[in-house]
Amino acid sequence: MSERHIVFGWSERGAIADVRAALEVAGVLPAPRDWRAFLDALLLWSGAVALAAAVVFFIAHNWNNLGRFAKFGLVELLLAAAVLAYWRLGPERAAAKASLLVASILLGALLALFGQTYQTGADTWELFATWTALMTPWVLIGRFASLWMLWLAIANIAIVFYFQVFPGLFGIVFSTERQLGTLLAFNTAALAGWELAARRFAWLNERWAPGCLR
């Protein structure tokens, strides 16, 4: 049990009157440098996601005004820049990991742009399955929890769309049960694999990620 929970337990039993003073003595309140670190991380990651989303919305909004080569050139240029930034900054820096996250999101945008431009006829689940497959090397190289969670989310979406196209032998009646069963099995296996790998790899010890799978 953490010091914070112990202090709150004492407060609930009426053993202490000034909870804040007790937390300060226990050393569990964030210091100014902790707030700076939190804000740095918040701005970095929210900025990375916002940048990738901005590219998608920009192309969608200007779809009729941009030529085919302009659309592909913009996405591919930013994708290459994000990968180059990851390589130049080094894998251990937070900015490099954020660059790889941007590259992973832009990869999906590039696949969607290709399918929409050339009307390949591929189903939606194939887009997300291909996105998952192409992202896998980056996920393995990146070694940070947020990218793994993005990979799992995209894989889950691929499974959902797959069952919308292929409901199974008994049709639409039992498709929901099969879909939920497949998602449960997939995410349970992912959680078990995460917990086992966390014993060996320290970067998997971030508890928020497996908590999302429970």
# chains A, B, ... in the order shown; residues from 1 in each chain; ligands from 1
call {"tool": "residues_around", "arguments": {"residues": "Trp138 of chain A", "least_positions_apart": "5", "cutoff": "12 Å", "atoms": "only C-alpha atoms", "output": "NGL selection string"}}
result
:A and (83 or 86-87 or 91 or 97 or 99-105 or 107 or 131-133 or 143-144 or 147-148 or 150-151)
call {"tool": "select_by_dssp", "arguments": {"residues": "segment 30-205 of chain A", "states": "helix (DSSP H, G or I)", "output": "PyMOL selection string"}}
result
chain A and resi 32-61+68-89+94-118+124-142+145-165+171-173+175-198+202-204
call {"tool": "closest_residue", "arguments": {"among": "A:Asn65, A:Ser146, A:Gln116, A:Gln164", "to": "Trp45 of chain A", "atoms": "only C-alpha atoms"}}
result
A:Ser146
call {"tool": "closest_residue", "arguments": {"among": "A:Leu106, A:Leu43, A:Ala95, A:Leu89", "to": "Val55 of chain A", "atoms": "only C-alpha atoms"}}
result
A:Leu106
call {"tool": "atom_distance", "arguments": {"atom1": "atom CA of Ala82 of chain A", "atom2": "atom CA of Ala60 of chain A"}}
result
20.7 Å
call {"tool": "atom_distance", "arguments": {"atom1": "atom CA of Leu180 of chain A", "atom2": "atom CA of Cys212 of chain A"}}
result
16.6 Å
call {"tool": "closest_residue", "arguments": {"among": "A:Phe38, A:Phe128, A:Phe201, A:Trp63", "to": "Ala155 of chain A", "atoms": "only C-alpha atoms"}}
result
A:Phe128
call {"tool": "atom_distance", "arguments": {"atom1": "atom CA of Ile59 of chain A", "atom2": "atom CA of Phe163 of chain A"}}
result
29.5 Å
call {"tool": "closest_residue", "arguments": {"among": "A:Leu111, A:Ala158, A:Ile141, A:Ala198", "to": "Gly90 of chain A", "atoms": "only C-alpha atoms"}}
result
A:Ile141
call {"tool": "residues_around", "arguments": {"residues": "Leu44 of chain A", "least_positions_apart": "4", "cutoff": "10 Å", "atoms": "only C-alpha atoms", "output": "ChimeraX atom specification"}}
result
/A:38-40,48-50,94-95,98-99
call {"tool": "residues_around", "arguments": {"residues": "Met149 of chain A", "least_positions_apart": "4", "cutoff": "12 Å", "atoms": "only C-alpha atoms", "output": "list in words"}}
result
Leu101, Ser104, Thr132, Met135, Thr136, Val139, Arg143, Phe144, Ala145, Ala153, Ile154, Ala155, Asn156, Asn187, Ala190, Leu191, Trp194, Leu204, Glu206, Trp208, Ala209, Pro210, Gly211, Cys212 and Leu213 of chain A
